[in-house]
Structure formats: structure tokens, C-alpha cells
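Some notes on the structure that comes next.
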Amino acid sequence: MGSSEFSWSVSRHDAFARCRRRYFYSYYAANEDPEIQRLKKLSALPMWAGSVVHETIEAVLKTRDALPSPDEQEALIRAAVHGQMLTDWRESEAGSLRFRLFEHEYQVAVEPDDKKILVGTVMRSLRNFFKSPILGEAFAAGRVVIVDWKTGRGEGKFSEVQVAGYALYAAEQGWAAPEEIQTELAYLAIPRYVRRSIDRRKLDHLRSFVAKSAKNMRALLLDPLANLARREDFPMIDRPQACRRCNFRRLCFPRADEAAVAAASAPLPA
Ligand code: SF4
């Protein structure tokens with residue numbers, strides 16, 4: 001199986017590091033098989049919270065040139081929670097192709113408390129976004145600050161690479177010299193803001209990280225020039241914990257999944 005062009009990304013690196021088979025499904029098989037593409041797009045609850053927050057932030061930055069008033073801010077937050085999240089949830093329950101939760105696909109029970117925590121994370125993150133120092137700076141413009149807004153609490157293994165990658169892109173596009181670029185990891189749910197400066201040395205380091213990672217990925221290809229891959233060259237992992245949370249688990253363990261689904265839908269014993 002192939003995909004027209006090889007392109008590196010942090011999420012690709014992450015998938016490759018976690019499980020070669022998962023990587024194959026995400027970056028090769030999904031391009032040719034609509035069912036695998038559908039599984040690739042499943043969103044687990046924490047990821048969903050992140051997307052809702054990102055979409056709201058994107059809409060604010062694209063459509064406003066000043067900080068919305070407190071009433072408007074609350075209206076935007078309500079629209080995210082009562083509008084978008086409700087629509088997403090209902091579509092997911094109905095088995096939509098546009099949006100489907102991992103938990104619905106694999107019949108993982110979502111307790112009322114889980115939902116409350118999720119809605120709370122989205123609301124708190126958006127409130128903190130409106131209060132964040134960077135937002136005022138963004139409207140005042142001036143220098144280039146690359147911000148990665150996060151709804152999770154911990155620093156991901158590759159967060160720093162991701163945000164430096166955006167900086168590299170900005171530098172190569174000529175938006176600013178590396179020394180004029182700063183990066184910020186904004187943990188909105190806490191809130192905590194980690195700002196760092198960028199220089200040529202960091203960008204060089206990043207370039208070699210990407211080159212090495214891409215080389216490792218291409219080494220498994222049947223035909224690196226044509227970007228052709230074969231499933232048997234991408235082994236599964238032996239880590240049940242990781243597989244339980246993987247979007248592709250029904251492909252790797254078809255029988256186990258059928259059994260789990262049958263158990264979930266069986267009537268309760270009298
Ligand atoms: S279910 Fe496990 S082995 Fe299969 S792709 Fe996912 S992580 Fe890899």
C-alpha cells in the first residue's frame with residue numbers, strides 16, 4: 001500500500017514509536033481503505049475536549065481583532081459546550097462518519113461524571129484562554145509567538161518538538177528570523193504557560209531529529225521512492241494496555257472485540 005508522498009509530522013513520529021502496525025494503518029492503509037480511515041478518525045474523550053477548544057480558539061482568532069467582551073466570551077463558551085459538544089455527541093451516538101467517539105465505537109461506558117469532567121475542562125480551558133496574556137499580545141501583534149494550546153495537564157513527550165517544528169516552518173517561510181521567534185506551550189486547564197526562545201542551534205537540532213526519524217520510517221518501506229509499504233513489515237506490539245486504547249484494535253483482535261461487544265449488549269442477568 002502506498003501514499004503519494006512521504007511527509008513527516010510529530011504525530012507520525014509518535015505513532016511509529018508506539019506501534020509499527022498502528023503507524024501502517026494510519027499512514028498507509030487508511031489512504032486506501034475507507035473503513036480504516038474511519039477508525040483512524042475516532043476521537044477519544046480527552047482528544048475531543050482538545051478539538052472543541054482548538055476550534056473555538058481558531059474561530060476567535062480568525063474572526064476577531066479585539067478581545068471579545070465578557071458577555072461574548074461566555075456566549076462563545078456556551079456555544080462550544082451546549083452547541084458543538086451536544087451535536088458531536090449525538091452524531092457520534094448515531095454512528096456518524098463526520099464525528100465518532102472511540103468510546104461509542106468500542107462500547108466503553110461513559111459515566112455522567114466523565115462527561116462532567118470533560119465539559120468542565122473545556123469551559124475552564126476556554127475561560128483561561130480569554131484571560132491568557134498571549135491573547136492580548138496576539139491582538140496587539142508585533143513579534144512572532146507560536147502557541148500550542150493544550151487541554152491536557154502534562155507535557156507530552158514530543159510537545160517541545162512539535163512547537164519547535166512550527167517555529168522552523170515560520171522561519172523557513174520567512175515570517176521572522178529564528179531569534180525573533182518565541183514558542184509557548186499553553187496548558188489551559190491549569191493554567192500554565194511555558195515560553196521559550198528559539199535560535200539557530202535549536203532549529204538545527206530539530207532538523208537532524210526529523211531527518212533521523214524519517215530515515216527510520218523509510219527503512220521499513222518496500223519501496224522508499226514510491227512510498228510503498230506492506231503490512232507484514234510493520235509488526236504488532238505486545239502491550240494489551242496500549243491496544244485497549246487503540247483505534248485499530250478491532251483489526252488486530254477481531255474476535256476479542258466481538259466478545260466484548262456481545263457482553264456489553266447482553267441482557268443483565270435476572
Ligand atoms: S491494537 Fe495494538 S498491535 Fe494493533 S495497531 Fe493498535 S497498538 Fe498496534
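Numbering starts fresh at 1 for the residues of each chain in the C-alpha cells, the chains themselves are lettered A, B, ... in the order given, and ligands are numbered from 1 as they appear.
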If you take only C-alpha atoms and all ligand atoms and a cut-off of 12 Å, which residues of chain A touch ligand 1, and what are their nearest atom pairs and distances in Å to one decimal, in chain and number order, as a Markdown table?
| residue | atom | partner | partner_atom_place_in_ligand_line | distance |
| --- | --- | --- | --- | --- |
| A:Asp14 | CA | ligand 1 | 7 (S) | 11.8 |
| A:Ala15 | CA | ligand 1 | 7 (S) | 9.0 |
| A:Phe16 | CA | ligand 1 | 8 (Fe) | 9.8 |
| A:Ala17 | CA | ligand 1 | 7 (S) | 10.5 |
| A:Arg18 | CA | ligand 1 | 7 (S) | 7.0 |
| A:Cys19 | CA | ligand 1 | 8 (Fe) | 4.8 |
| A:Arg20 | CA | ligand 1 | 8 (Fe) | 6.7 |
| A:Arg21 | CA | ligand 1 | 5 (S) | 4.7 |
| A:Arg22 | CA | ligand 1 | 5 (S) | 3.7 |
| A:Tyr23 | CA | ligand 1 | 5 (S) | 7.4 |
| A:Phe24 | CA | ligand 1 | 5 (S) | 8.2 |
| A:Tyr25 | CA | ligand 1 | 5 (S) | 7.2 |
| A:Ser26 | CA | ligand 1 | 5 (S) | 9.0 |
| A:Tyr27 | CA | ligand 1 | 5 (S) | 11.9 |
| A:Ala29 | CA | ligand 1 | 5 (S) | 11.6 |
| A:Ile36 | CA | ligand 1 | 5 (S) | 11.1 |
| A:Leu39 | CA | ligand 1 | 6 (Fe) | 10.9 |
| A:Lys40 | CA | ligand 1 | 5 (S) | 10.5 |
| A:Arg231 | CA | ligand 1 | 5 (S) | 10.8 |
| A:Phe234 | CA | ligand 1 | 8 (Fe) | 9.3 |
| A:Pro235 | CA | ligand 1 | 3 (S) | 7.4 |
| A:Met236 | CA | ligand 1 | 3 (S) | 3.8 |
| A:Ile237 | CA | ligand 1 | 3 (S) | 4.6 |
| A:Asp238 | CA | ligand 1 | 3 (S) | 6.7 |
| A:Arg239 | CA | ligand 1 | 2 (Fe) | 6.8 |
| A:Pro240 | CA | ligand 1 | 2 (Fe) | 7.0 |
| A:Gln241 | CA | ligand 1 | 2 (Fe) | 8.6 |
| A:Ala242 | CA | ligand 1 | 7 (S) | 5.6 |
| A:Cys243 | CA | ligand 1 | 2 (Fe) | 3.7 |
| A:Arg244 | CA | ligand 1 | 1 (S) | 6.8 |
| A:Arg245 | CA | ligand 1 | 6 (Fe) | 7.7 |
| A:Cys246 | CA | ligand 1 | 6 (Fe) | 4.6 |
| A:Asn247 | CA | ligand 1 | 6 (Fe) | 6.6 |
| A:Phe248 | CA | ligand 1 | 6 (Fe) | 5.1 |
| A:Arg249 | CA | ligand 1 | 1 (S) | 3.7 |
| A:Arg250 | CA | ligand 1 | 1 (S) | 7.2 |
| A:Leu251 | CA | ligand 1 | 4 (Fe) | 7.0 |
| A:Cys252 | CA | ligand 1 | 4 (Fe) | 4.7 |
| A:Phe253 | CA | ligand 1 | 1 (S) | 7.0 |
| A:Pro254 | CA | ligand 1 | 1 (S) | 9.9 |
| A:Ala256 | CA | ligand 1 | 1 (S) | 11.0 |
| A:Asp257 | CA | ligand 1 | 1 (S) | 10.7 |
Counting only C-alpha atoms, which residues in region 106-168 of chain A sit no more than 7 Å from region 174-194 of chain A? For each one, give the nearest pair of atoms and the distance in Å, sorted by chain then residue number, as a tab-separated table.
residue	atom	partner	partner_atom	distance
A:Thr121	CA	A:Ala189	CA	6.1
A:Arg124	CA	A:Ala189	CA	5.9
A:Ser125	CA	A:Leu188	CA	4.6
A:Asn128	CA	A:Leu188	CA	5.8
A:Phe129	CA	A:Leu188	CA	6.4
A:Arg143	CA	A:Glu180	CA	6.8
A:Val144	CA	A:Ile181	CA	5.1
A:Val145	CA	A:Gln182	CA	4.7
A:Ile146	CA	A:Thr183	CA	4.7
A:Val147	CA	A:Glu184	CA	4.7
A:Asp148	CA	A:Leu185	CA	5.0
A:Trp149	CA	A:Ala186	CA	4.8
A:Lys150	CA	A:Tyr187	CA	4.9
A:Thr151	CA	A:Ala189	CA	5.5
A:Gly152	CA	A:Tyr187	CA	6.8
A:Arg153	CA	A:Tyr187	CA	6.3
A:Val163	CA	A:Thr183	CA	6.4
A:Ala167	CA	A:Ile181	CA	6.9
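CA of Arg201 (chain A) to CA of Pro133 (chain A) spans 27.7 Å [interatomic distance, one decimal].
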Inset, instruction - Could you give me, as an MDAnalysis selection string, each residue of region 8-221 of chain A that DSSP assigns to alpha helix (DSSP H) when run on this structure's backbone? - result: chainID A and resid 10:18 20:24 30:32 34:40 45:63 70:78 86:93 102:105 112:131 133:140 159:172 200:218
Legend entry - Polymer residues at most 8 Å from Asp233 (chain A), only C-alpha atoms, same-chain spacing of 3 or more positions, as a list in words: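 Using only C-alpha atoms, the neighbours found are Leu220, Leu221, Ala229 and Arg230 of chain A.
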Legend entry - For CA of Glu72 (chain A) and CA of Val52 (chain A), the interatomic separation in Å (one decimal):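 That distance, rounded to one decimal, is 17.3 Å.
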Inset, instruction - Tell me, in Å to one decimal, how far CA of Phe102 (chain A) is from CA of Glu5 (chain A). - result: 28.3 Å
Inset, instruction - Could you give me, as a list in words, the residues within 12 Å of region 90-96 of chain A, counting only C-alpha atoms and dropping anything in the same chain fewer than 2 positions from it? - result: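 Residues meeting the cut-off are Arg38, Leu39, Lys41, Leu42, Ser43, Ala44, Leu45, Trp48, His82, Gly83, Gln84, Met85, Leu86, Thr87, Asp88, Arg98, Phe99, Arg100, Leu101, Phe102, Glu103, His104, Glu105, Tyr106, Gln107 and Val110 of chain A.
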Legend entry - Residue neighbourhood Val210 (chain A), 9 Å, only C-alpha atoms, exclusion window fewer than 3 positions, as a list in words: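 Using only C-alpha atoms, the neighbours found are Trp8, Ser9, Val10, His13, His205, Leu206, Arg207, Ser213, Ala214 and Lys215 of chain A.
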Kindly save the residues from that selection, with N, CA, C and O atoms included, as an mmCIF file, in the first residue's frame.
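part_13.cif written:
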data_model
loop_
_atom_site.group_PDB
_atom_site.id
_atom_site.type_symbol
_atom_site.label_atom_id
_atom_site.label_comp_id
_atom_site.auth_asym_id
_atom_site.auth_seq_id
_atom_site.Cartn_x
_atom_site.Cartn_y
_atom_site.Cartn_z
ATOM 1 N N TRP A 8 6.735 14.164 6.938
ATOM 2 C CA TRP A 8 6.989 13.913 8.355
ATOM 3 C C TRP A 8 6.097 14.788 9.225
ATOM 4 O O TRP A 8 5.801 15.926 8.873
ATOM 5 N N SER A 9 5.645 14.256 10.351
ATOM 6 C CA SER A 9 4.957 15.088 11.345
ATOM 7 C C SER A 9 5.209 14.489 12.720
ATOM 8 O O SER A 9 5.621 13.321 12.833
ATOM 9 N N VAL A 10 4.949 15.276 13.747
ATOM 10 C CA VAL A 10 5.156 14.779 15.106
ATOM 11 C C VAL A 10 4.194 13.632 15.401
ATOM 12 O O VAL A 10 4.578 12.628 16.003
ATOM 13 N N HIS A 13 5.576 10.530 13.886
ATOM 14 C CA HIS A 13 6.700 10.033 14.691
ATOM 15 C C HIS A 13 6.167 9.297 15.927
ATOM 16 O O HIS A 13 6.636 8.221 16.279
ATOM 17 N N HIS A 205 19.123 21.352 15.531
ATOM 18 C CA HIS A 205 18.900 20.129 16.284
ATOM 19 C C HIS A 205 17.595 19.472 15.806
ATOM 20 O O HIS A 205 17.529 18.269 15.583
ATOM 21 N N LEU A 206 16.572 20.312 15.637
ATOM 22 C CA LEU A 206 15.279 19.790 15.194
ATOM 23 C C LEU A 206 15.385 19.175 13.798
ATOM 24 O O LEU A 206 14.861 18.091 13.546
ATOM 25 N N ARG A 207 16.102 19.859 12.901
ATOM 26 C CA ARG A 207 16.264 19.329 11.540
ATOM 27 C C ARG A 207 16.879 17.934 11.575
ATOM 28 O O ARG A 207 16.443 17.043 10.881
ATOM 29 N N SER A 213 14.428 10.543 12.275
ATOM 30 C CA SER A 213 13.126 9.884 12.436
ATOM 31 C C SER A 213 12.586 9.444 11.071
ATOM 32 O O SER A 213 12.116 8.310 10.915
ATOM 33 N N ALA A 214 12.681 10.317 10.071
ATOM 34 C CA ALA A 214 12.163 9.982 8.734
ATOM 35 C C ALA A 214 12.956 8.815 8.143
ATOM 36 O O ALA A 214 12.389 7.938 7.491
ATOM 37 N N LYS A 215 14.259 8.795 8.420
ATOM 38 C CA LYS A 215 15.087 7.713 7.892
ATOM 39 C C LYS A 215 14.639 6.362 8.486
ATOM 40 O O LYS A 215 14.525 5.369 7.774
#
Inset, instruction - Any chance you could list, as a ChimeraX atom specification, the residues in region 88-191 of chain A that come up strand (DSSP E or B) when DSSP is run on the backbone? - result: /A:101,144-150,181-187
Print the selection's residues with all heavy atoms to a file, as a compact mmCIF listing (two decimals), in the first residue's frame.
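Written file, out_17.txt:
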# COMPACT_ATOMS: atom_id res chain seq x y z
N LEU A 101 -16.95 9.04 18.52
CA LEU A 101 -16.10 8.84 19.69
C LEU A 101 -15.61 7.39 19.75
O LEU A 101 -16.36 6.46 19.46
CB LEU A 101 -16.89 9.14 20.96
CG LEU A 101 -17.13 10.61 21.29
CD1 LEU A 101 -18.14 10.75 22.42
CD2 LEU A 101 -15.81 11.29 21.68
N VAL A 144 6.62 37.38 16.59
CA VAL A 144 6.02 36.07 16.31
C VAL A 144 6.13 35.18 17.54
O VAL A 144 7.21 34.90 18.03
CB VAL A 144 6.73 35.40 15.11
CG1 VAL A 144 6.20 34.00 14.89
CG2 VAL A 144 6.56 36.25 13.86
N VAL A 145 4.98 34.79 18.08
CA VAL A 145 4.96 33.80 19.16
C VAL A 145 4.11 32.64 18.66
O VAL A 145 2.99 32.83 18.21
CB VAL A 145 4.34 34.36 20.46
CG1 VAL A 145 4.39 33.30 21.56
CG2 VAL A 145 5.05 35.62 20.92
N ILE A 146 4.72 31.46 18.67
CA ILE A 146 3.99 30.27 18.21
C ILE A 146 3.41 29.60 19.44
O ILE A 146 4.16 29.22 20.34
CB ILE A 146 4.96 29.28 17.53
CG1 ILE A 146 5.85 30.02 16.54
CG2 ILE A 146 4.21 28.10 16.96
CD1 ILE A 146 5.54 29.86 15.13
N VAL A 147 2.11 29.47 19.48
CA VAL A 147 1.48 28.92 20.68
C VAL A 147 0.83 27.58 20.37
O VAL A 147 0.17 27.42 19.35
CB VAL A 147 0.37 29.87 21.21
CG1 VAL A 147 -0.12 29.38 22.58
CG2 VAL A 147 0.87 31.28 21.30
N ASP A 148 1.06 26.63 21.26
CA ASP A 148 0.37 25.36 21.16
C ASP A 148 -0.56 25.27 22.38
O ASP A 148 -0.09 25.17 23.50
CB ASP A 148 1.40 24.22 21.17
CG ASP A 148 0.80 22.91 20.70
OD1 ASP A 148 -0.44 22.87 20.50
OD2 ASP A 148 1.55 21.93 20.53
N TRP A 149 -1.88 25.39 22.13
CA TRP A 149 -2.84 25.36 23.25
C TRP A 149 -3.18 23.93 23.59
O TRP A 149 -3.58 23.17 22.70
CB TRP A 149 -4.11 26.12 22.86
CG TRP A 149 -3.94 27.59 22.94
CD1 TRP A 149 -3.89 28.35 24.07
CD2 TRP A 149 -3.78 28.51 21.84
NE1 TRP A 149 -3.71 29.68 23.75
CE2 TRP A 149 -3.65 29.80 22.39
CE3 TRP A 149 -3.75 28.36 20.45
CZ2 TRP A 149 -3.49 30.93 21.61
CZ3 TRP A 149 -3.59 29.48 19.67
CH2 TRP A 149 -3.45 30.75 20.24
N LYS A 150 -3.05 23.60 24.86
CA LYS A 150 -3.28 22.21 25.28
C LYS A 150 -4.36 22.15 26.35
O LYS A 150 -4.41 23.03 27.21
CB LYS A 150 -1.99 21.61 25.84
CG LYS A 150 -0.85 21.70 24.84
CD LYS A 150 0.13 20.60 25.06
CE LYS A 150 1.10 20.45 23.93
NZ LYS A 150 0.56 19.78 22.77
N ILE A 181 11.66 34.63 17.08
CA ILE A 181 10.51 33.76 17.30
C ILE A 181 10.54 33.20 18.72
O ILE A 181 11.59 32.79 19.20
CB ILE A 181 10.51 32.59 16.29
CG1 ILE A 181 10.48 33.13 14.86
CG2 ILE A 181 9.33 31.66 16.53
CD1 ILE A 181 10.61 32.06 13.78
N GLN A 182 9.38 33.20 19.36
CA GLN A 182 9.27 32.52 20.66
C GLN A 182 8.20 31.45 20.55
O GLN A 182 7.28 31.57 19.72
CB GLN A 182 8.88 33.51 21.74
CG GLN A 182 10.00 34.46 22.08
CD GLN A 182 9.68 35.25 23.33
OE1 GLN A 182 8.56 35.72 23.48
NE2 GLN A 182 10.65 35.36 24.21
N THR A 183 8.33 30.42 21.37
CA THR A 183 7.29 29.39 21.37
C THR A 183 6.64 29.37 22.75
O THR A 183 7.27 29.73 23.74
CB THR A 183 7.87 28.00 21.09
OG1 THR A 183 8.76 27.64 22.13
CG2 THR A 183 8.56 27.94 19.75
N GLU A 184 5.39 28.98 22.76
CA GLU A 184 4.70 28.87 24.05
C GLU A 184 3.84 27.62 24.08
O GLU A 184 3.05 27.39 23.17
CB GLU A 184 3.82 30.10 24.30
CG GLU A 184 3.14 30.03 25.65
CD GLU A 184 2.40 31.31 26.02
OE1 GLU A 184 3.08 32.35 26.16
OE2 GLU A 184 1.17 31.26 26.14
N LEU A 185 4.04 26.81 25.13
CA LEU A 185 3.12 25.70 25.37
C LEU A 185 2.14 26.21 26.42
O LEU A 185 2.53 26.57 27.52
CB LEU A 185 3.88 24.48 25.90
CG LEU A 185 4.83 23.82 24.90
CD1 LEU A 185 5.75 22.83 25.59
CD2 LEU A 185 4.04 23.11 23.80
N ALA A 186 0.87 26.31 26.03
CA ALA A 186 -0.13 26.90 26.93
C ALA A 186 -1.03 25.79 27.46
O ALA A 186 -1.85 25.25 26.72
CB ALA A 186 -0.94 27.95 26.18
N TYR A 187 -0.84 25.43 28.73
CA TYR A 187 -1.68 24.39 29.35
C TYR A 187 -2.89 25.08 29.95
O TYR A 187 -2.85 25.57 31.09
CB TYR A 187 -0.88 23.64 30.42
CG TYR A 187 0.33 22.95 29.83
CD1 TYR A 187 1.59 23.57 29.83
CD2 TYR A 187 0.20 21.71 29.22
CE1 TYR A 187 2.68 22.97 29.25
CE2 TYR A 187 1.30 21.09 28.64
CZ TYR A 187 2.52 21.73 28.66
OH TYR A 187 3.60 21.12 28.08
Could I get the residues of region 90-140 of chain A with an atom no further than 12 Å from an atom of region 57-71 of chain A, each paired with its nearest atom pair and that distance in Å to one decimal, using only C-alpha atoms, sorted by chain and residue number, as JSON lines?
{"residue": "A:Val122", "atom": "CA", "partner": "A:Ile57", "partner_atom": "CA", "distance": 11.4}
{"residue": "A:Ser125", "atom": "CA", "partner": "A:Ile57", "partner_atom": "CA", "distance": 10.3}
{"residue": "A:Leu126", "atom": "CA", "partner": "A:Ile57", "partner_atom": "CA", "distance": 7.9}
{"residue": "A:Arg127", "atom": "CA", "partner": "A:Pro70", "partner_atom": "CA", "distance": 9.8}
{"residue": "A:Asn128", "atom": "CA", "partner": "A:Ile57", "partner_atom": "CA", "distance": 11.4}
{"residue": "A:Phe129", "atom": "CA", "partner": "A:Ile57", "partner_atom": "CA", "distance": 8.0}
{"residue": "A:Phe130", "atom": "CA", "partner": "A:Leu67", "partner_atom": "CA", "distance": 7.6}
{"residue": "A:Lys131", "atom": "CA", "partner": "A:Leu67", "partner_atom": "CA", "distance": 9.5}
{"residue": "A:Ser132", "atom": "CA", "partner": "A:Leu67", "partner_atom": "CA", "distance": 10.8}
{"residue": "A:Pro133", "atom": "CA", "partner": "A:Leu67", "partner_atom": "CA", "distance": 11.3}
{"residue": "A:Ile134", "atom": "CA", "partner": "A:Leu67", "partner_atom": "CA", "distance": 11.3}
{"residue": "A:Leu135", "atom": "CA", "partner": "A:Leu67", "partner_atom": "CA", "distance": 7.7}
{"residue": "A:Gly136", "atom": "CA", "partner": "A:Leu67", "partner_atom": "CA", "distance": 7.2}
{"residue": "A:Glu137", "atom": "CA", "partner": "A:Leu67", "partner_atom": "CA", "distance": 10.4}
{"residue": "A:Ala138", "atom": "CA", "partner": "A:Leu61", "partner_atom": "CA", "distance": 8.6}
{"residue": "A:Phe139", "atom": "CA", "partner": "A:Ala66", "partner_atom": "CA", "distance": 5.9}
{"residue": "A:Ala140", "atom": "CA", "partner": "A:Ala66", "partner_atom": "CA", "distance": 8.6}
Legend entry - Residue nearest Arg200 (chain A) among A:Val108, A:Ala164, A:Met123, A:Ala75 (counting only C-alpha atoms): A:Ala164
